[in-house]
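Here the structure is laid out as structure tokens; the discussion comes afterwards.
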Amino acid sequence: MTTIMIGVEDLARARTFYADGLGCAVDQDYPNFVSFTLGDGSSSLGLYQWDAAAEDAGVSPDGSGFRGVSFHCIVSSREAVDELVARAAAAGGSVVKEPAAAQWGGYFGYFSDPDGHLWKVASPS
């Protein structure tokens, strides 16, 4: 997979959240589309205006609740989990599940971006 594209209500707000808040590097920046590089070996992340993305796919822009997908970021330590979740909250996201030890031995938490897209941040130890 080369790019994961998500629809957003407010492109400027979402761009600020991912670029300034989370530190993602902007790769392309157009009036209705922004893409970010997420690091070596990762897919890129694209943001597209919600209604335009729905129109592009030929589906209704209506929808709410869990969308059946979450994005996962694996980091090297518990401290890195805490740091990324805190950065997301400070940038305008919401902490959905506070970071905590997992039954499987790792450590993880969830945040959502300003449009409600879920991100799991986890460390294997």
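Chains: A, B, ... in order of the structure tokens. Residues: from 1 per chain. Ligands: from 1, in order shown.
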
I'd like the contact shell of A:Gly92 - 8 Å cut-off, only C-alpha atoms, skipping same-chain residues fewer than 6 positions apart - returned as an MDAnalysis selection string.
chainID A and resid 17 113:114

Could you pull the residues within 6 Å of stretch 72-85 of chain A, counting only C-alpha atoms, minus those fewer than 5 positions along the same chain, as a ChimeraX atom specification?
/A:119-123

Find, counting only C-alpha atoms, the residue in A:Ala101, A:Leu45, A:Ser94, A:Leu118 that gets nearest to A:Met5.
A:Leu45

If you run DSSP on the backbone, which residues of chain A are alpha helix (DSSP H), as JSON, numbers by chain?
{"A": [11, 12, 13, 14, 15, 16, 50, 51, 52, 53, 54, 55, 56, 57, 78, 79, 80, 81, 82, 83, 84, 85, 86, 87, 88, 89, 90]}

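Remark: for A:Gln49, the closest of the candidate residues A:Asp27, A:Ser70, A:Ile6, A:Leu22 is A:Ile6 (distances computed over only C-alpha atoms).
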
Give the strand (DSSP E or B) residues of stretch 14-75 of chain A, as DSSP finds them on the backbone, and put them as a list of chain:residue names.
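Taking stretch 14-75 of chain A and keeping strand (DSSP E or B) only, one gets A:Ala25, A:Val26, A:Asp27, A:Gln28, A:Asp29, A:Tyr30, A:Phe33, A:Val34, A:Ser35, A:Phe36, A:Thr37, A:Ser44, A:Leu45, A:Gly46, A:Leu47, A:Tyr48, A:Gln49, A:Ser70, A:Phe71, A:His72, A:Cys73, A:Ile74.
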
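Straight-line separation from atom CA of A:Tyr30 to atom CA of A:Tyr110: 29.2 Å.
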
May I ask which of the residues A:Ala53, A:Val59, A:Ala91, A:Ala86 is the closest one to A:Ala19, counting only C-alpha atoms?
A:Ala91

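The residue that comes closest to A:Glu9, out of A:Pro99, A:Pro31, A:Pro124, A:Pro61 and on the basis of only C-alpha atoms, is A:Pro61.
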
Neighbour list for A:Gly21 as a ChimeraX atom specification, cut-off 8 Å, only C-alpha atoms, skip fewer than 3 positions in-chain:
/A:16-18,87-88,90-91

Which residue gives the smallest distance to A:Asp10 among A:Lys97, A:Cys24, A:Trp50, A:Thr37, with only C-alpha atoms counted?
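Nearest to A:Asp10: A:Trp50.
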